[in-house]
file data_23.cif (mmCIF, C-alpha atoms)
data_data
loop_
_atom_site.group_PDB
_atom_site.id
_atom_site.type_symbol
_atom_site.label_atom_id
_atom_site.label_comp_id
_atom_site.auth_asym_id
_atom_site.auth_seq_id
_atom_site.Cartn_x
_atom_site.Cartn_y
_atom_site.Cartn_z
ATOM 1 C CA MET A 1 77.244 81.217 -14.763
ATOM 2 C CA THR A 2 75.145 79.131 -12.384
ATOM 3 C CA MET A 3 74.645 79.992 -8.739
ATOM 4 C CA THR A 4 74.661 77.027 -6.405
ATOM 5 C CA LEU A 5 73.745 77.142 -2.750
ATOM 6 C CA GLU A 6 76.348 75.598 -0.524
ATOM 7 C CA PRO A 7 75.100 72.055 0.310
ATOM 8 C CA GLN A 8 74.210 71.548 3.954
ATOM 9 C CA LEU A 9 74.550 68.253 5.793
ATOM 10 C CA HIS A 10 71.985 67.317 8.456
ATOM 11 C CA GLY A 11 71.542 64.377 10.738
ATOM 12 C CA PRO A 12 72.031 61.551 11.140
ATOM 13 C CA ILE A 13 68.305 61.045 11.480
ATOM 14 C CA THR A 14 67.394 59.765 14.937
ATOM 15 C CA ARG A 15 64.217 58.225 16.293
ATOM 16 C CA LEU A 16 64.117 61.012 18.871
ATOM 17 C CA MET A 17 64.095 63.555 16.057
ATOM 18 C CA LEU A 18 61.159 61.792 14.404
ATOM 19 C CA ALA A 19 59.249 61.580 17.678
ATOM 20 C CA ARG A 20 59.801 65.287 18.307
ATOM 21 C CA TYR A 21 58.648 66.194 14.820
ATOM 22 C CA LEU A 22 55.585 63.970 15.188
ATOM 23 C CA VAL A 23 54.629 65.849 18.341
ATOM 24 C CA CYS A 24 55.172 69.353 17.031
ATOM 25 C CA SER A 25 53.374 68.632 13.758
ATOM 26 C CA ASP A 26 50.474 66.659 15.305
ATOM 27 C CA ASP A 27 51.182 63.963 12.742
ATOM 28 C CA PRO A 28 49.631 60.726 14.003
ATOM 29 C CA ASN A 29 51.095 58.420 11.361
ATOM 30 C CA PRO A 30 52.724 55.533 13.287
ATOM 31 C CA VAL A 31 55.071 54.713 10.403
ATOM 32 C CA HIS A 32 57.427 57.385 11.768
ATOM 33 C CA VAL A 33 57.759 55.993 15.279
ATOM 34 C CA ASP A 34 56.318 52.464 15.474
ATOM 35 C CA GLU A 35 58.936 49.954 14.339
ATOM 36 C CA PRO A 36 56.636 46.886 14.022
ATOM 37 C CA PHE A 37 54.065 48.958 12.135
ATOM 38 C CA ALA A 38 56.710 50.254 9.723
ATOM 39 C CA ARG A 39 58.017 46.730 9.154
ATOM 40 C CA SER A 40 54.482 45.490 8.512
ATOM 41 C CA LEU A 41 54.383 47.917 5.585
ATOM 42 C CA GLY A 42 57.606 46.488 4.179
ATOM 43 C CA PHE A 43 59.998 49.169 5.377
ATOM 44 C CA PRO A 44 63.213 48.060 7.094
ATOM 45 C CA SER A 45 62.503 50.475 9.954
ATOM 46 C CA VAL A 46 60.518 53.601 10.751
ATOM 47 C CA ILE A 47 60.784 56.314 8.120
ATOM 48 C CA ALA A 48 61.437 60.003 8.575
ATOM 49 C CA GLN A 49 58.654 62.479 7.933
ATOM 50 C CA GLY A 50 59.185 63.976 4.512
ATOM 51 C CA MET A 51 58.624 67.330 6.160
ATOM 52 C CA VAL A 52 61.879 66.951 8.091
ATOM 53 C CA SER A 53 63.947 67.129 4.910
ATOM 54 C CA TYR A 54 61.488 69.685 3.530
ATOM 55 C CA GLY A 55 62.084 71.791 6.641
ATOM 56 C CA TRP A 56 65.829 71.630 6.103
ATOM 57 C CA LEU A 57 65.333 72.764 2.516
ATOM 58 C CA ALA A 58 63.188 75.673 3.682
ATOM 59 C CA GLU A 59 65.758 76.581 6.303
ATOM 60 C CA MET A 60 68.537 76.593 3.701
ATOM 61 C CA LEU A 61 66.503 79.020 1.602
ATOM 62 C CA THR A 62 65.591 81.105 4.630
ATOM 63 C CA ARG A 63 69.197 81.564 5.679
ATOM 64 C CA ALA A 64 70.232 82.471 2.140
ATOM 65 C CA TYR A 65 67.356 84.740 1.163
ATOM 66 C CA GLY A 66 65.163 85.410 4.226
ATOM 67 C CA ALA A 67 61.882 83.719 5.162
ATOM 68 C CA ASP A 68 59.781 86.583 3.816
ATOM 69 C CA ASN A 69 61.407 86.187 0.399
ATOM 70 C CA ILE A 70 60.463 82.553 -0.134
ATOM 71 C CA ARG A 71 57.621 82.648 -2.637
ATOM 72 C CA SER A 72 57.197 78.909 -3.093
ATOM 73 C CA LEU A 73 58.757 75.563 -2.327
ATOM 74 C CA ALA A 74 57.324 72.454 -3.954
ATOM 75 C CA ALA A 75 58.887 69.055 -3.378
ATOM 76 C CA ARG A 76 58.187 65.437 -4.226
ATOM 77 C CA PHE A 77 59.097 62.834 -1.612
ATOM 78 C CA SER A 78 60.518 60.202 -3.944
ATOM 79 C CA SER A 79 62.101 57.782 -1.456
ATOM 80 C CA PRO A 80 62.017 57.483 2.327
ATOM 81 C CA VAL A 81 64.834 58.474 4.666
ATOM 82 C CA PHE A 82 65.653 56.155 7.558
ATOM 83 C CA PRO A 83 67.189 56.596 11.008
ATOM 84 C CA GLY A 84 70.970 56.696 10.851
ATOM 85 C CA GLU A 85 71.044 58.359 7.452
ATOM 86 C CA GLU A 86 72.489 61.806 6.872
ATOM 87 C CA VAL A 87 70.668 64.193 4.567
ATOM 88 C CA THR A 88 72.327 66.745 2.321
ATOM 89 C CA VAL A 89 70.180 69.589 1.049
ATOM 90 C CA GLY A 90 71.166 71.918 -1.728
ATOM 91 C CA GLY A 91 69.964 73.967 -4.639
ATOM 92 C CA THR A 92 70.990 75.407 -7.965
ATOM 93 C CA GLN A 93 69.612 78.479 -9.670
ATOM 94 C CA THR A 94 67.866 77.654 -12.933
ATOM 95 C CA ARG A 95 66.200 80.931 -13.838
ATOM 96 C CA ARG A 96 66.162 84.569 -12.861
ATOM 97 C CA TRP A 97 63.676 87.164 -14.016
ATOM 98 C CA VAL A 98 62.184 90.555 -13.251
ATOM 99 C CA GLU A 99 58.440 90.925 -12.808
ATOM 100 C CA GLY A 100 56.483 93.845 -11.444
ATOM 101 C CA GLY A 101 59.621 95.591 -10.330
ATOM 102 C CA SER A 102 60.832 92.604 -8.312
ATOM 103 C CA THR A 103 63.559 90.124 -9.130
ATOM 104 C CA PHE A 104 62.795 86.420 -8.743
ATOM 105 C CA MET A 105 65.027 83.387 -8.794
ATOM 106 C CA GLU A 106 64.017 79.780 -9.419
ATOM 107 C CA LEU A 107 66.113 76.979 -8.004
ATOM 108 C CA ASP A 108 66.150 73.227 -8.392
ATOM 109 C CA VAL A 109 66.440 71.884 -4.872
ATOM 110 C CA PHE A 110 67.149 68.430 -3.496
ATOM 111 C CA ALA A 111 67.567 66.353 -0.389
ATOM 112 C CA ASP A 112 70.022 63.502 -0.897
ATOM 113 C CA VAL A 113 71.287 60.570 1.099
ATOM 114 C CA ALA A 114 74.746 59.437 0.001
ATOM 115 C CA GLY A 115 74.259 61.074 -3.389
ATOM 116 C CA SER A 116 70.849 59.530 -4.014
ATOM 117 C CA HIS A 117 67.854 61.862 -4.375
ATOM 118 C CA ARG A 118 65.197 61.281 -1.740
ATOM 119 C CA MET A 119 63.420 64.549 -2.438
ATOM 120 C CA THR A 120 63.506 66.920 -5.367
ATOM 121 C CA GLY A 121 61.716 70.157 -5.901
ATOM 122 C CA ILE A 122 61.560 73.681 -7.173
ATOM 123 C CA ALA A 123 61.781 76.863 -5.140
ATOM 124 C CA VAL A 124 61.093 80.443 -6.099
ATOM 125 C CA VAL A 125 62.537 83.276 -4.053
ATOM 126 C CA GLU A 126 62.240 87.016 -4.418
ATOM 127 C CA VAL A 127 65.667 88.504 -4.366
ATOM 128 C CA GLU A 128 67.598 91.640 -4.968
ATOM 129 C CA LYS A 129 71.255 91.100 -5.664
ATOM 130 C CA ASP A 130 72.333 93.218 -2.731
ATOM 131 C CA GLU A 131 70.178 91.199 -0.369
ATOM 132 C CA VAL A 132 71.610 87.815 -1.313
ATOM 133 C CA ASN A 133 73.700 86.271 1.395
ATOM 134 C CA MET A 134 76.612 85.624 -0.909
ATOM 135 C CA ASP A 135 78.612 83.572 1.531
ATOM 136 C CA LYS A 136 75.894 80.945 1.199
ATOM 137 C CA GLU A 137 76.413 80.745 -2.538
ATOM 138 C CA VAL A 138 79.111 79.180 -4.605
ATOM 139 C CA GLU A 139 79.643 80.148 -8.206
ATOM 140 C CA SER A 140 80.180 77.357 -10.656
ATOM 141 C CA ALA A 141 80.716 77.297 -14.373
ATOM 142 C CA MET B 1 39.571 56.796 -1.168
ATOM 143 C CA ASN B 2 36.433 58.851 -0.980
ATOM 144 C CA ARG B 3 36.305 60.537 -4.377
ATOM 145 C CA ASN B 4 33.119 62.408 -3.533
ATOM 146 C CA VAL B 5 35.102 65.034 -1.631
ATOM 147 C CA GLU B 6 37.130 66.206 -4.616
ATOM 148 C CA GLY B 7 36.713 69.960 -4.803
ATOM 149 C CA ALA B 8 35.056 70.149 -1.397
ATOM 150 C CA ILE B 9 36.119 72.177 1.619
ATOM 151 C CA ILE B 10 36.712 69.554 4.289
ATOM 152 C CA GLY B 11 37.810 71.542 7.290
ATOM 153 C CA SER B 12 39.059 74.741 8.797
ATOM 154 C CA VAL B 13 41.520 75.421 11.561
ATOM 155 C CA GLU B 14 42.464 78.371 13.755
ATOM 156 C CA VAL B 15 46.117 78.379 14.721
ATOM 157 C CA THR B 16 48.389 80.668 16.665
ATOM 158 C CA VAL B 17 52.073 80.670 15.752
ATOM 159 C CA GLU B 18 53.385 80.118 19.252
ATOM 160 C CA ALA B 19 57.037 80.739 20.082
ATOM 161 C CA VAL B 20 57.252 77.561 22.133
ATOM 162 C CA LYS B 21 56.014 75.482 19.210
ATOM 163 C CA VAL B 22 58.453 77.163 16.845
ATOM 164 C CA ARG B 23 61.259 76.326 19.302
ATOM 165 C CA ASP B 24 60.018 72.713 19.356
ATOM 166 C CA TYR B 25 60.120 72.731 15.568
ATOM 167 C CA TYR B 26 63.715 73.940 15.492
ATOM 168 C CA GLN B 27 64.659 71.428 18.174
ATOM 169 C CA ALA B 28 63.074 68.547 16.235
ATOM 170 C CA LEU B 29 65.071 69.512 13.155
ATOM 171 C CA GLU B 30 68.184 70.121 15.278
ATOM 172 C CA LEU B 31 68.489 73.659 13.970
ATOM 173 C CA ASP B 32 69.535 76.800 15.784
ATOM 174 C CA PRO B 33 66.775 79.399 15.710
ATOM 175 C CA PRO B 34 67.940 82.342 13.582
ATOM 176 C CA GLY B 35 67.093 84.933 16.208
ATOM 177 C CA PRO B 36 64.900 85.822 19.155
ATOM 178 C CA LEU B 37 61.426 84.362 18.988
ATOM 179 C CA GLU B 38 59.553 87.434 20.109
ATOM 180 C CA PRO B 39 56.025 88.326 19.002
ATOM 181 C CA GLY B 40 56.185 89.750 15.512
ATOM 182 C CA GLU B 41 59.420 87.988 14.612
ATOM 183 C CA VAL B 42 59.393 85.956 11.421
ATOM 184 C CA ALA B 43 58.599 82.261 11.872
ATOM 185 C CA PRO B 44 59.825 79.468 9.559
ATOM 186 C CA VAL B 45 57.812 79.329 6.367
ATOM 187 C CA ALA B 46 57.634 75.528 6.662
ATOM 188 C CA PHE B 47 56.504 75.648 10.297
ATOM 189 C CA PRO B 48 53.758 73.029 10.573
ATOM 190 C CA VAL B 49 50.845 75.352 11.121
ATOM 191 C CA ASP B 50 48.505 72.837 9.596
ATOM 192 C CA ASN B 51 47.191 69.610 10.956
ATOM 193 C CA LEU B 52 46.197 68.088 7.684
ATOM 194 C CA ASN B 53 46.603 64.572 9.017
ATOM 195 C CA ALA B 54 43.591 65.191 11.214
ATOM 196 C CA VAL B 55 41.389 65.431 8.146
ATOM 197 C CA TRP B 56 42.680 62.308 6.417
ATOM 198 C CA GLY B 57 39.598 60.557 7.749
ATOM 199 C CA VAL B 58 37.461 62.608 5.388
ATOM 200 C CA LEU B 59 39.257 60.928 2.525
ATOM 201 C CA ASP B 60 38.503 57.512 4.019
ATOM 202 C CA ILE B 61 42.078 56.322 3.931
ATOM 203 C CA SER B 62 44.244 54.770 6.589
ATOM 204 C CA HIS B 63 47.866 55.076 7.530
ATOM 205 C CA ASP B 64 48.599 51.468 6.590
ATOM 206 C CA ARG B 65 47.856 52.254 2.945
ATOM 207 C CA SER B 66 48.896 55.870 2.521
ATOM 208 C CA LEU B 67 51.842 58.201 2.830
ATOM 209 C CA HIS B 68 52.652 61.865 2.497
ATOM 210 C CA ALA B 69 54.115 61.988 -1.012
ATOM 211 C CA GLY B 70 54.891 65.638 -1.500
ATOM 212 C CA HIS B 71 54.377 69.125 -0.219
ATOM 213 C CA ALA B 72 54.241 72.620 -1.599
ATOM 214 C CA ILE B 73 54.032 75.990 0.055
ATOM 215 C CA SER B 74 53.387 79.229 -1.739
ATOM 216 C CA ALA B 75 53.762 82.258 0.472
ATOM 217 C CA GLN B 76 52.958 85.932 0.347
ATOM 218 C CA ARG B 77 55.138 86.221 3.426
ATOM 219 C CA ALA B 78 56.305 84.100 6.342
ATOM 220 C CA PRO B 79 54.042 83.794 9.389
ATOM 221 C CA ARG B 80 54.870 85.816 12.500
ATOM 222 C CA ILE B 81 55.365 84.698 16.078
ATOM 223 C CA GLY B 82 52.129 85.280 17.974
ATOM 224 C CA GLU B 83 50.090 85.657 14.810
ATOM 225 C CA ARG B 84 46.674 84.059 14.542
ATOM 226 C CA LEU B 85 45.893 82.395 11.249
ATOM 227 C CA THR B 86 42.784 80.816 9.819
ATOM 228 C CA GLY B 87 43.264 77.884 7.483
ATOM 229 C CA VAL B 88 40.626 76.467 5.177
ATOM 230 C CA THR B 89 41.332 73.079 3.641
ATOM 231 C CA ARG B 90 40.007 71.901 0.309
ATOM 232 C CA VAL B 91 40.555 68.633 -1.558
ATOM 233 C CA THR B 92 41.798 70.085 -4.797
ATOM 234 C CA ARG B 93 42.407 66.946 -6.821
ATOM 235 C CA ILE B 94 42.148 63.157 -6.737
ATOM 236 C CA TRP B 95 43.737 61.100 -9.460
ATOM 237 C CA ASP B 96 45.085 57.647 -10.290
ATOM 238 C CA LYS B 97 48.502 56.734 -11.568
ATOM 239 C CA ALA B 98 49.610 53.146 -12.034
ATOM 240 C CA ALA B 99 48.249 51.236 -9.016
ATOM 241 C CA LEU B 100 48.218 54.322 -6.824
ATOM 242 C CA THR B 101 45.666 56.961 -5.993
ATOM 243 C CA PHE B 102 46.804 60.481 -5.236
ATOM 244 C CA ALA B 103 44.993 63.291 -3.470
ATOM 245 C CA THR B 104 46.015 66.883 -2.983
ATOM 246 C CA LEU B 105 44.740 68.873 -0.025
ATOM 247 C CA SER B 106 45.291 72.596 -0.088
ATOM 248 C CA THR B 107 45.017 74.787 2.997
ATOM 249 C CA ARG B 108 44.822 78.538 2.489
ATOM 250 C CA TYR B 109 45.879 80.565 5.513
ATOM 251 C CA THR B 110 44.735 84.111 6.042
ATOM 252 C CA ASP B 111 45.596 86.584 8.782
ATOM 253 C CA THR B 112 43.158 88.435 10.989
ATOM 254 C CA ARG B 113 42.700 91.067 8.267
ATOM 255 C CA GLY B 114 41.702 88.365 5.812
ATOM 256 C CA ASP B 115 44.876 88.705 3.754
ATOM 257 C CA GLU B 116 46.440 85.527 2.431
ATOM 258 C CA VAL B 117 49.669 84.579 4.196
ATOM 259 C CA LEU B 118 50.431 81.232 2.619
ATOM 260 C CA VAL B 119 48.927 78.199 0.939
ATOM 261 C CA SER B 120 50.115 74.809 2.125
ATOM 262 C CA GLU B 121 49.483 71.906 -0.233
ATOM 263 C CA MET B 122 49.862 68.291 0.783
ATOM 264 C CA THR B 123 49.905 65.349 -1.622
ATOM 265 C CA ILE B 124 48.896 61.966 -0.250
ATOM 266 C CA VAL B 125 49.419 58.680 -2.055
ATOM 267 C CA GLU B 126 47.375 55.573 -1.340
ATOM 268 C CA ARG B 127 47.990 52.033 -2.499
ATOM 269 C CA GLN B 128 44.913 50.644 -4.167
ATOM 270 C CA GLU B 129 43.245 47.478 -2.905
ATOM 271 C CA GLY B 130 45.212 44.322 -3.681
ATOM 272 C CA GLN B 131 48.483 46.184 -4.241
ATOM 273 C CA GLU B 132 51.475 45.536 -2.029
#
call {"tool": "encode", "arguments": {"input": "data_23.cif", "output": "structure tokens"}}
result
Amino acid sequence: MTMTLEPQLHGPITRLMLARYLVCSDDPNPVHVDEPFARSLGFPSVIAQGMVSYGWLAEMLTRAYGADNIRSLAARFSSPVFPGEEVTVGGTQTRRWVEGGSTFMELDVFADVAGSHRMTGIAVVEVEKDEVNMDKEVESA
Amino acid sequence: MNRNVEGAIIGSVEVTVEAVKVRDYYQALELDPPGPLEPGEVAPVAFPVDNLNAVWGVLDISHDRSLHAGHAISAQRAPRIGERLTGVTRVTRIWDKAALTFATLSTRYTDTRGDEVLVSEMTIVERQEGQE
């Protein structure tokens, strides 16, 4: 039996969203807000900060397991996300083990646009069965 | 890219996890905060406590050649609203792959007792000269 987190849809990405994230993260990279600059790099438009999708992944894990139970979240930003696109984040349990009296779960996580991976990663959460927010999980064969 | 900084500590930062900034973070991501943002409440683990972009200059790279290519956080616990953290940033690795150069910057955050709260690791990719 595999446990799958219920996929969550976010967006569509807006330029306002990117500008707000740029401000709150102190990220000066103009590729997220400056259209001519982004085009000069060969992109069709500005691109979303990878940390926006990463933040949605972290939030999905937080709501399922609690922020204090997230042990790690590592993600590779494989392709950019553009304004107007909707991002689906999700995750599937790949491993579960007990160590030092605690139970840990590893999940493959992703951020997709229209079924295409834009970000993939691995998360580890510390979890006790009773603490899992089961309504956020879907069992699949 | 300045390869001489591999392994070196290139900066430190003192940050306070301010409720107003956490609200800005949730607003930017168009998320509803999970609860009241009072001092001591848990903050998002991916809250951008670091300002790693500010130290890109140490690597001698520019935004027209480089992008944030990946991120990893390992956490002992989530930060708390109102908490003061100290982050120390080190260039952990620089390597080449195909026509790209990668660098990983790792920032270790500790609380006022000196206990580790989380480690935030940023991977930057830079196109090498002559590559489009």
call {"tool": "atom_distance", "arguments": {"input": "data_23.cif", "atom1": "atom CA of Thr101 of chain B", "atom2": "atom CA of Ser25 of chain A"}}
result
24.2 Å
call {"tool": "closest_atom_pairs", "arguments": {"input": "data_23.cif", "of": "chain B", "to": "chain A", "cutoff": "6 Å", "atoms": "only C-alpha atoms", "output": "Markdown table"}}
result
| residue | atom | partner | partner_atom | distance |
| --- | --- | --- | --- | --- |
| B:Ala28 | CA | A:Arg20 | CA | 5.1 |
| B:Ala46 | CA | A:Gly55 | CA | 5.8 |
| B:Pro48 | CA | A:Ser25 | CA | 5.4 |
| B:Asn53 | CA | A:Asp27 | CA | 5.9 |
| B:Ala69 | CA | A:Phe77 | CA | 5.1 |
| B:Gly70 | CA | A:Arg76 | CA | 4.3 |
| B:His71 | CA | A:Ala75 | CA | 5.5 |
| B:Ala72 | CA | A:Ala74 | CA | 3.9 |
| B:Ile73 | CA | A:Leu73 | CA | 5.3 |
| B:Ser74 | CA | A:Ser72 | CA | 4.1 |
| B:Ala75 | CA | A:Arg71 | CA | 5.0 |
| B:Arg77 | CA | A:Asp68 | CA | 4.7 |
| B:Ala78 | CA | A:Asp68 | CA | 5.0 |
call {"tool": "write_last_selection", "arguments": {"input": "data_23.cif", "atoms": "C-alpha atoms", "output": "JSON list (two decimals), in the coordinates of the input"}}
result
[["chain", "number", "residue", "atom", "x", "y", "z"],
["B", 28, "ALA", "CA", 63.07, 68.55, 16.24],
["B", 46, "ALA", "CA", 57.63, 75.53, 6.66],
["B", 48, "PRO", "CA", 53.76, 73.03, 10.57],
["B", 53, "ASN", "CA", 46.60, 64.57, 9.02],
["B", 69, "ALA", "CA", 54.12, 61.99, -1.01],
["B", 70, "GLY", "CA", 54.89, 65.64, -1.50],
["B", 71, "HIS", "CA", 54.38, 69.12, -0.22],
["B", 72, "ALA", "CA", 54.24, 72.62, -1.60],
["B", 73, "ILE", "CA", 54.03, 75.99, 0.06],
["B", 74, "SER", "CA", 53.39, 79.23, -1.74],
["B", 75, "ALA", "CA", 53.76, 82.26, 0.47],
["B", 77, "ARG", "CA", 55.14, 86.22, 3.43],
["B", 78, "ALA", "CA", 56.30, 84.10, 6.34]]
call {"tool": "residues_around", "arguments": {"input": "data_23.cif", "residues": "Asp115 of chain B", "least_positions_apart": "4", "cutoff": "10 Å", "atoms": "all atoms listed in the file", "output": "list in words"}}
result
Gln76, Leu85, Tyr109, Thr110 and Asp111 of chain B
call {"tool": "resolve_selection", "arguments": {"input": "data_23.cif", "expression": "the PyMOL selection byres ((chain B and resi 9) around 12)", "output": "PDB file with C-alpha atoms, in the coordinates of the input"}}
result
ATOM      1  CA  ASN B   4      33.119  62.408  -3.533  1.00  0.00           C
ATOM      2  CA  VAL B   5      35.102  65.034  -1.631  1.00  0.00           C
ATOM      3  CA  GLU B   6      37.130  66.206  -4.616  1.00  0.00           C
ATOM      4  CA  GLY B   7      36.713  69.960  -4.803  1.00  0.00           C
ATOM      5  CA  ALA B   8      35.056  70.149  -1.397  1.00  0.00           C
ATOM      6  CA  ILE B  10      36.712  69.554   4.289  1.00  0.00           C
ATOM      7  CA  GLY B  11      37.810  71.542   7.290  1.00  0.00           C
ATOM      8  CA  SER B  12      39.059  74.741   8.797  1.00  0.00           C
ATOM      9  CA  VAL B  13      41.520  75.421  11.561  1.00  0.00           C
ATOM     10  CA  VAL B  55      41.389  65.431   8.146  1.00  0.00           C
ATOM     11  CA  VAL B  58      37.461  62.608   5.388  1.00  0.00           C
ATOM     12  CA  LEU B  59      39.257  60.928   2.525  1.00  0.00           C
ATOM     13  CA  GLY B  87      43.264  77.884   7.483  1.00  0.00           C
ATOM     14  CA  VAL B  88      40.626  76.467   5.177  1.00  0.00           C
ATOM     15  CA  THR B  89      41.332  73.079   3.641  1.00  0.00           C
ATOM     16  CA  ARG B  90      40.007  71.901   0.309  1.00  0.00           C
ATOM     17  CA  VAL B  91      40.555  68.633  -1.558  1.00  0.00           C
ATOM     18  CA  THR B  92      41.798  70.085  -4.797  1.00  0.00           C
ATOM     19  CA  ARG B  93      42.407  66.946  -6.821  1.00  0.00           C
ATOM     20  CA  LEU B 105      44.740  68.873  -0.025  1.00  0.00           C
ATOM     21  CA  SER B 106      45.291  72.596  -0.088  1.00  0.00           C
ATOM     22  CA  THR B 107      45.017  74.787   2.997  1.00  0.00           C
ATOM     23  CA  ARG B 108      44.822  78.538   2.489  1.00  0.00           C
TER      24      ARG B 108
END
call {"tool": "residues_near_point", "arguments": {"input": "data_23.cif", "point": "(44.8, 54.1, 4.6)", "cutoff": "12 Å", "atoms": "all atoms listed in the file", "output": "MDAnalysis selection string"}}
result
(chainID A and resid 29:31 41) or (chainID B and resid 1:2 53 56:68 100:102 124:129)
call {"tool": "closest_residue", "arguments": {"input": "data_23.cif", "among": "B:Val45, B:Ile94, B:Glu14, B:Thr104", "to": "Val117 of chain B", "atoms": "all atoms listed in the file"}}
result
B:Val45
call {"tool": "residues_around", "arguments": {"input": "data_23.cif", "residues": "Glu83 of chain B", "least_positions_apart": "5", "cutoff": "8 Å", "atoms": "all atoms listed in the file", "output": "list of chain:residue names"}}
result
B:Thr16, B:Val17, B:Glu18, B:Pro39, B:Gly40, B:Asp111
call {"tool": "closest_residue", "arguments": {"input": "data_23.cif", "among": "A:Glu85, A:His32, A:Pro44, A:Thr103", "to": "Gly115 of chain A", "atoms": "only C-alpha atoms"}}
result
A:Glu85
call {"tool": "atom_distance", "arguments": {"input": "data_23.cif", "atom1": "atom CA of Pro7 of chain A", "atom2": "atom CA of Gly91 of chain A"}}
result
7.4 Å
call {"tool": "atom_distance", "arguments": {"input": "data_23.cif", "atom1": "atom CA of Pro33 of chain B", "atom2": "atom CA of Arg95 of chain A"}}
result
29.6 Å
call {"tool": "axis_aligned_box", "arguments": {"input": "data_23.cif", "around": "segment 49-54 of chain A", "padding_each_side": "4 Å", "output": "JSON"}}
result
{"center_x": 61.3, "center_y": 66.1, "center_z": 5.8, "size_x": 13.3, "size_y": 15.2, "size_z": 12.6}
call {"tool": "closest_residue", "arguments": {"input": "data_23.cif", "among": "B:Val42, B:Val15, B:Trp95, B:Arg3", "to": "Thr112 of chain B", "atoms": "all atoms listed in the file"}}
result
B:Val15
call {"tool": "decode", "arguments": {"input": "data_23.cif", "residues": "segment 33-76 of chain A", "atoms": "C-alpha atoms", "output": "PDB file, in the first residue's frame"}}
result
ATOM      1  CA  VAL A  33       9.995  40.752 -12.562  1.00  0.00           C
ATOM      2  CA  ASP A  34      11.758  42.430 -15.502  1.00  0.00           C
ATOM      3  CA  GLU A  35      10.179  41.279 -18.761  1.00  0.00           C
ATOM      4  CA  PRO A  36      12.852  42.647 -21.166  1.00  0.00           C
ATOM      5  CA  PHE A  37      15.612  41.197 -18.987  1.00  0.00           C
ATOM      6  CA  ALA A  38      13.932  37.781 -18.933  1.00  0.00           C
ATOM      7  CA  ARG A  39      13.481  37.865 -22.706  1.00  0.00           C
ATOM      8  CA  SER A  40      17.134  38.817 -23.151  1.00  0.00           C
ATOM      9  CA  LEU A  41      17.986  35.514 -21.467  1.00  0.00           C
ATOM     10  CA  GLY A  42      15.798  33.604 -23.912  1.00  0.00           C
ATOM     11  CA  PHE A  43      12.761  33.110 -21.704  1.00  0.00           C
ATOM     12  CA  PRO A  44       9.336  33.913 -23.167  1.00  0.00           C
ATOM     13  CA  SER A  45       8.530  36.012 -20.091  1.00  0.00           C
ATOM     14  CA  VAL A  46       9.570  36.473 -16.479  1.00  0.00           C
ATOM     15  CA  ILE A  47       9.933  33.232 -14.550  1.00  0.00           C
ATOM     16  CA  ALA A  48       8.616  32.351 -11.125  1.00  0.00           C
ATOM     17  CA  GLN A  49      11.032  31.972  -8.242  1.00  0.00           C
ATOM     18  CA  GLY A  50      11.636  28.289  -7.699  1.00  0.00           C
ATOM     19  CA  MET A  51      11.019  28.977  -4.035  1.00  0.00           C
ATOM     20  CA  VAL A  52       7.367  29.747  -4.771  1.00  0.00           C
ATOM     21  CA  SER A  53       6.674  26.156  -5.798  1.00  0.00           C
ATOM     22  CA  TYR A  54       9.066  24.984  -3.080  1.00  0.00           C
ATOM     23  CA  GLY A  55       7.017  26.967  -0.561  1.00  0.00           C
ATOM     24  CA  TRP A  56       3.834  25.296  -1.747  1.00  0.00           C
ATOM     25  CA  LEU A  57       5.492  21.908  -1.331  1.00  0.00           C
ATOM     26  CA  ALA A  58       6.570  22.816   2.196  1.00  0.00           C
ATOM     27  CA  GLU A  59       3.087  24.057   2.992  1.00  0.00           C
ATOM     28  CA  MET A  60       1.548  20.800   1.760  1.00  0.00           C
ATOM     29  CA  LEU A  61       3.847  18.879   4.097  1.00  0.00           C
ATOM     30  CA  THR A  62       3.209  21.292   6.946  1.00  0.00           C
ATOM     31  CA  ARG A  63      -0.548  20.910   6.725  1.00  0.00           C
ATOM     32  CA  ALA A  64      -0.271  17.127   6.562  1.00  0.00           C
ATOM     33  CA  TYR A  65       2.389  16.537   9.199  1.00  0.00           C
ATOM     34  CA  GLY A  66       3.115  19.816  11.032  1.00  0.00           C
ATOM     35  CA  ALA A  67       5.999  22.232  10.441  1.00  0.00           C
ATOM     36  CA  ASP A  68       8.005  20.883  13.370  1.00  0.00           C
ATOM     37  CA  ASN A  69       7.890  17.393  11.858  1.00  0.00           C
ATOM     38  CA  ILE A  70       9.495  18.284   8.539  1.00  0.00           C
ATOM     39  CA  ARG A  71      13.031  16.948   8.782  1.00  0.00           C
ATOM     40  CA  SER A  72      14.146  17.767   5.254  1.00  0.00           C
ATOM     41  CA  LEU A  73      12.927  18.914   1.875  1.00  0.00           C
ATOM     42  CA  ALA A  74      15.319  18.832  -1.064  1.00  0.00           C
ATOM     43  CA  ALA A  75      14.177  19.823  -4.534  1.00  0.00           C
ATOM     44  CA  ARG A  76      15.677  20.346  -7.966  1.00  0.00           C
TER      45      ARG A  76
END
